[in-house]
Amino acid sequence: MATGCAVGPAADAKATSPKAAEIDTDTEPLAKRLPKLGRIVSAHWQQKAPGADSRVPGPTDYHVSALMKLAPGSVAALTASAQMQPAAVGTEPESISIPAELTEFAPTGAQWMHSRVLDERLVRADSAELYFDPASDTVYLSATNVHLPNAVTVHVGPDGNQVSITPTPPAPTP
């Protein structure tokens, strides 16, 4: 079973060179893929295709790193019903690691919080982690292949031919 429509957000906005991960500020591609976050007031994000220079044919994964400022009170509302854990800044497991290109846009003195439950509820992606700073209403997203909420699942038979296409059920609401 393969999942379709897993195009990265930058593909909606503009084509970017895989070698130069530009900082994008367009909130629309993120808002389209992350509607459960609510209104994104501003964003600084980048998309990288780690395997884009590979000579192996096949689909390319897209990694998105995004710092998003939400409407006032949104982070508190999103995190109120989840058990949040403090997240240390660093490279260890369960820690937040913001790419150097984005660190200048991170809130000063942020107290990042994380919940695996919210990762699954709020984002449709091959893998995703969300970190929340309630004081600044900022969310940091680190994700691979962020899908549209109305993506479809392509069912493939043993011979490799498409058998059917069905809508992928949305993630449970928080």
# chains A, B, ... in the order shown; residues from 1 in each chain; ligands from 1
call {"tool": "select_by_dssp", "arguments": {"residues": "region 98-133 of chain A", "states": "helix (DSSP H, G or I)", "output": "mmCIF file with all heavy atoms, in the first residue's frame"}}
result
data_model
loop_
_atom_site.group_PDB
_atom_site.id
_atom_site.type_symbol
_atom_site.label_atom_id
_atom_site.label_comp_id
_atom_site.auth_asym_id
_atom_site.auth_seq_id
_atom_site.Cartn_x
_atom_site.Cartn_y
_atom_site.Cartn_z
ATOM 1 N N THR A 103 17.183 29.200 13.576
ATOM 2 C CA THR A 103 17.297 29.542 15.001
ATOM 3 C C THR A 103 17.057 31.021 15.293
ATOM 4 O O THR A 103 16.524 31.349 16.347
ATOM 5 C CB THR A 103 18.659 29.125 15.590
ATOM 6 O OG1 THR A 103 19.697 29.708 14.821
ATOM 7 C CG2 THR A 103 18.797 27.618 15.610
ATOM 8 N N GLU A 104 17.412 31.904 14.376
ATOM 9 C CA GLU A 104 17.192 33.339 14.622
ATOM 10 C C GLU A 104 15.712 33.702 14.699
ATOM 11 O O GLU A 104 15.345 34.745 15.233
ATOM 12 C CB GLU A 104 17.882 34.191 13.556
ATOM 13 C CG GLU A 104 17.239 34.100 12.183
ATOM 14 C CD GLU A 104 17.957 34.932 11.139
ATOM 15 O OE1 GLU A 104 17.693 36.151 11.069
ATOM 16 O OE2 GLU A 104 18.791 34.346 10.416
ATOM 17 N N PHE A 105 14.845 32.827 14.199
ATOM 18 C CA PHE A 105 13.406 33.084 14.217
ATOM 19 C C PHE A 105 12.702 32.430 15.406
ATOM 20 O O PHE A 105 11.509 32.623 15.610
ATOM 21 C CB PHE A 105 12.770 32.607 12.907
ATOM 22 C CG PHE A 105 13.430 33.182 11.689
ATOM 23 C CD1 PHE A 105 14.204 32.389 10.867
ATOM 24 C CD2 PHE A 105 13.313 34.535 11.391
ATOM 25 C CE1 PHE A 105 14.832 32.913 9.746
ATOM 26 C CE2 PHE A 105 13.937 35.077 10.278
ATOM 27 C CZ PHE A 105 14.705 34.268 9.454
ATOM 28 N N ARG A 116 3.645 13.218 21.945
ATOM 29 C CA ARG A 116 3.520 12.303 20.793
ATOM 30 C C ARG A 116 2.065 12.201 20.339
ATOM 31 O O ARG A 116 1.784 12.020 19.161
ATOM 32 C CB ARG A 116 4.047 10.924 21.150
ATOM 33 C CG ARG A 116 5.553 10.868 21.266
ATOM 34 C CD ARG A 116 5.983 9.418 21.523
ATOM 35 N NE ARG A 116 7.374 9.335 21.847
ATOM 36 C CZ ARG A 116 8.336 9.133 20.954
ATOM 37 N NH1 ARG A 116 8.020 9.021 19.679
ATOM 38 N NH2 ARG A 116 9.586 9.057 21.322
ATOM 39 N N VAL A 117 1.149 12.309 21.271
ATOM 40 C CA VAL A 117 -0.272 12.239 20.935
ATOM 41 C C VAL A 117 -0.637 13.379 19.984
ATOM 42 O O VAL A 117 -1.329 13.168 18.982
ATOM 43 C CB VAL A 117 -1.151 12.278 22.207
ATOM 44 C CG1 VAL A 117 -2.617 12.428 21.864
ATOM 45 C CG2 VAL A 117 -0.913 11.039 23.049
ATOM 46 N N LEU A 118 -0.153 14.587 20.257
ATOM 47 C CA LEU A 118 -0.455 15.713 19.378
ATOM 48 C C LEU A 118 0.242 15.584 18.034
ATOM 49 O O LEU A 118 -0.293 16.032 17.017
ATOM 50 C CB LEU A 118 -0.095 17.043 20.054
ATOM 51 C CG LEU A 118 -0.972 17.412 21.253
ATOM 52 C CD1 LEU A 118 -0.550 18.762 21.820
ATOM 53 C CD2 LEU A 118 -2.448 17.416 20.887
ATOM 54 N N ASP A 119 1.430 14.979 18.013
ATOM 55 C CA ASP A 119 2.101 14.730 16.725
ATOM 56 C C ASP A 119 1.162 13.954 15.800
ATOM 57 O O ASP A 119 1.003 14.293 14.630
ATOM 58 C CB ASP A 119 3.380 13.901 16.905
ATOM 59 C CG ASP A 119 4.472 14.604 17.693
ATOM 60 O OD1 ASP A 119 4.408 15.839 17.861
ATOM 61 O OD2 ASP A 119 5.386 13.901 18.154
ATOM 62 N N GLU A 120 0.539 12.923 16.349
ATOM 63 C CA GLU A 120 -0.340 12.061 15.563
ATOM 64 C C GLU A 120 -1.688 12.702 15.266
ATOM 65 O O GLU A 120 -2.255 12.485 14.198
ATOM 66 C CB GLU A 120 -0.539 10.735 16.280
ATOM 67 C CG GLU A 120 0.735 9.918 16.355
ATOM 68 C CD GLU A 120 0.576 8.654 17.186
ATOM 69 O OE1 GLU A 120 -0.572 8.252 17.468
ATOM 70 O OE2 GLU A 120 1.613 8.067 17.555
ATOM 71 N N ARG A 121 -2.208 13.477 16.184
ATOM 72 C CA ARG A 121 -3.524 14.085 15.999
ATOM 73 C C ARG A 121 -3.508 15.274 15.054
ATOM 74 O O ARG A 121 -4.484 15.528 14.352
ATOM 75 C CB ARG A 121 -4.080 14.575 17.341
ATOM 76 C CG ARG A 121 -4.589 13.509 18.222
ATOM 77 C CD ARG A 121 -5.210 14.123 19.445
ATOM 78 N NE ARG A 121 -5.601 13.104 20.406
ATOM 79 C CZ ARG A 121 -6.002 13.364 21.625
ATOM 80 N NH1 ARG A 121 -6.039 14.615 22.051
ATOM 81 N NH2 ARG A 121 -6.340 12.390 22.435
ATOM 82 N N LEU A 122 -2.440 16.032 15.063
ATOM 83 C CA LEU A 122 -2.442 17.316 14.363
ATOM 84 C C LEU A 122 -1.743 17.316 13.007
ATOM 85 O O LEU A 122 -1.920 18.253 12.228
ATOM 86 C CB LEU A 122 -1.801 18.390 15.254
ATOM 87 C CG LEU A 122 -2.477 18.618 16.604
ATOM 88 C CD1 LEU A 122 -1.698 19.648 17.418
ATOM 89 C CD2 LEU A 122 -3.922 19.054 16.423
#
call {"tool": "residues_around", "arguments": {"residues": "region 32-38 of chain A", "least_positions_apart": "6", "cutoff": "7 Å", "atoms": "only C-alpha atoms", "output": "VMD selection string"}}
result
chain A and resid 122 to 123 146 to 149
call {"tool": "residues_around", "arguments": {"residues": "Ser136 (chain A)", "least_positions_apart": "6", "cutoff": "9 Å", "atoms": "only C-alpha atoms", "output": "list in words"}}
result
Lys69, Leu70, Pro72, Val75, Pro107 and Ala110 of chain A
call {"tool": "atom_distance", "arguments": {"atom1": "CA of Thr144 (chain A)", "atom2": "CA of His44 (chain A)"}}
result
16.8 Å
call {"tool": "residues_around", "arguments": {"residues": "Ser95 (chain A)", "least_positions_apart": "5", "cutoff": "9 Å", "atoms": "only C-alpha atoms", "output": "MDAnalysis selection string"}}
result
chainID A and resid 86:90 114
call {"tool": "write_last_selection", "arguments": {"atoms": "N, CA, C and O atoms", "output": "PDB file, in the first residue's frame"}}
result
ATOM      1  N   PRO A  86       8.345  18.433  28.880  1.00  0.00           N
ATOM      2  CA  PRO A  86       9.352  19.420  28.487  1.00  0.00           C
ATOM      3  C   PRO A  86      10.313  18.815  27.475  1.00  0.00           C
ATOM      4  O   PRO A  86      10.636  17.629  27.546  1.00  0.00           O
ATOM      5  N   ALA A  87      10.747  19.622  26.522  1.00  0.00           N
ATOM      6  CA  ALA A  87      11.686  19.163  25.496  1.00  0.00           C
ATOM      7  C   ALA A  87      12.972  19.973  25.613  1.00  0.00           C
ATOM      8  O   ALA A  87      12.944  21.194  25.548  1.00  0.00           O
ATOM      9  N   ALA A  88      14.073  19.270  25.791  1.00  0.00           N
ATOM     10  CA  ALA A  88      15.370  19.931  25.847  1.00  0.00           C
ATOM     11  C   ALA A  88      15.820  20.277  24.435  1.00  0.00           C
ATOM     12  O   ALA A  88      15.450  19.619  23.469  1.00  0.00           O
ATOM     13  N   VAL A  89      16.619  21.324  24.309  1.00  0.00           N
ATOM     14  CA  VAL A  89      17.190  21.690  23.024  1.00  0.00           C
ATOM     15  C   VAL A  89      18.477  20.905  22.861  1.00  0.00           C
ATOM     16  O   VAL A  89      19.312  20.858  23.763  1.00  0.00           O
ATOM     17  N   GLY A  90      18.637  20.227  21.724  1.00  0.00           N
ATOM     18  CA  GLY A  90      19.834  19.431  21.485  1.00  0.00           C
ATOM     19  C   GLY A  90      19.620  18.396  20.421  1.00  0.00           C
ATOM     20  O   GLY A  90      18.648  18.460  19.667  1.00  0.00           O
ATOM     21  N   HIS A 114       6.377  18.992  24.332  1.00  0.00           N
ATOM     22  CA  HIS A 114       6.121  18.026  23.277  1.00  0.00           C
ATOM     23  C   HIS A 114       5.122  16.975  23.753  1.00  0.00           C
ATOM     24  O   HIS A 114       5.073  16.638  24.931  1.00  0.00           O
TER      25      HIS A 114
END
